[in-house]
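The next block holds one structure in the form of structure tokens; read it before the comments.
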Amino acid sequence: MAIVSVHEHTVSFFAMTHPTAAQSDLVLALREEFRAHLETFYSQLKLAPPYESVEKAIRSLTTNVHGLPNAQRVRLAQDPGQKWEQFRRAFETSGLAKKHRGIIAGLARNREGLGLPAEYDHFLDLFASNPPGPT
């Protein structure tokens, strides 16, 4: 039976003793955390999330994390900055940065009024930059 915990010490210890189960637990925890962040993001913006692209983003995150070496996965569980970088990469590659682009770009000009913690700037910055090219 695997231990499911987002507490970094539990994940780290368990990763060293049961790598396969811990990797699955880490990916599951990251997926759920990412999903919660996406729900918060769209909720605070008062927009309906583009569900197909949200699911694509979660699959992208899963693929990216599975492609990391074990040591980097353990660091990912412990480092919020690395986690947010993975979340941002999945957000961008899934096409979420193209959905509601004009609306979110306008809202992002007044970030303080959005009520989102600073970590969400990882997503908002994608709307403030030049529009992404075609995929």
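By order in the structure tokens, chains are A, B, ...; within a chain, residues start at 1; ligands start at 1, following the order shown.
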Handout entry: Contact residues around region 89-105 of chain A with only C-alpha atoms at 10 Å, ignoring same-chain residues under 3 positions, as a PyMOL selection string
Key = chain A and resi 34+38+42+45+47-64+83-86+108-110+122-129+131-135
Selection from above, C-alpha atoms, as an mmCIF file, in the first residue's frame, can you write it?
```
data_model
loop_
_atom_site.group_PDB
_atom_site.id
_atom_site.type_symbol
_atom_site.label_atom_id
_atom_site.label_comp_id
_atom_site.auth_asym_id
_atom_site.auth_seq_id
_atom_site.Cartn_x
_atom_site.Cartn_y
_atom_site.Cartn_z
ATOM 1 C CA PHE A 34 -2.235 21.660 -10.501
ATOM 2 C CA LEU A 38 -6.322 25.915 -12.357
ATOM 3 C CA TYR A 42 -10.324 30.553 -13.477
ATOM 4 C CA LEU A 45 -11.034 35.487 -12.939
ATOM 5 C CA LEU A 47 -14.254 32.582 -16.212
ATOM 6 C CA ALA A 48 -15.339 29.086 -17.144
ATOM 7 C CA PRO A 49 -12.242 26.923 -17.503
ATOM 8 C CA PRO A 50 -11.729 25.502 -20.996
ATOM 9 C CA TYR A 51 -12.158 21.917 -19.780
ATOM 10 C CA GLU A 52 -10.617 20.147 -22.753
ATOM 11 C CA SER A 53 -7.487 22.296 -22.495
ATOM 12 C CA VAL A 54 -7.382 21.834 -18.705
ATOM 13 C CA GLU A 55 -7.324 18.068 -19.171
ATOM 14 C CA LYS A 56 -4.655 18.465 -21.860
ATOM 15 C CA ALA A 57 -2.592 20.569 -19.417
ATOM 16 C CA ILE A 58 -2.862 17.882 -16.752
ATOM 17 C CA ARG A 59 -1.772 15.216 -19.243
ATOM 18 C CA SER A 60 1.129 17.457 -20.291
ATOM 19 C CA LEU A 61 2.225 17.866 -16.672
ATOM 20 C CA THR A 62 2.053 14.100 -16.176
ATOM 21 C CA THR A 63 4.176 13.463 -19.264
ATOM 22 C CA ASN A 64 6.725 16.104 -18.261
ATOM 23 C CA LYS A 83 6.659 22.940 -9.209
ATOM 24 C CA TRP A 84 5.314 26.231 -10.501
ATOM 25 C CA GLU A 85 7.717 26.115 -13.440
ATOM 26 C CA GLN A 86 6.308 22.681 -14.361
ATOM 27 C CA ALA A 108 -3.972 40.862 -15.902
ATOM 28 C CA ARG A 109 -3.297 44.596 -16.239
ATOM 29 C CA ASN A 110 -4.774 45.041 -12.754
ATOM 30 C CA HIS A 122 3.446 32.242 -13.695
ATOM 31 C CA PHE A 123 0.189 31.898 -15.631
ATOM 32 C CA LEU A 124 -0.698 35.590 -15.953
ATOM 33 C CA ASP A 125 2.699 36.461 -17.438
ATOM 34 C CA LEU A 126 1.843 34.249 -20.408
ATOM 35 C CA PHE A 127 -1.044 36.586 -21.222
ATOM 36 C CA ALA A 128 1.020 39.763 -20.852
ATOM 37 C CA SER A 129 3.618 38.623 -23.385
ATOM 38 C CA PRO A 131 0.645 36.238 -28.413
ATOM 39 C CA PRO A 132 1.985 32.722 -28.935
ATOM 40 C CA GLY A 133 2.368 31.527 -32.482
ATOM 41 C CA PRO A 134 0.173 28.870 -34.085
ATOM 42 C CA THR A 135 0.529 25.308 -32.866
#
```
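Proximity ranking of A:Leu116, A:Gln44, A:Asp121, A:Leu30 relative to Arg73 (chain A) places A:Leu30 first, based on only C-alpha atoms.
Going from CA of Gln72 (chain A) to CA of Ser24 (chain A) covers 14.4 Å.
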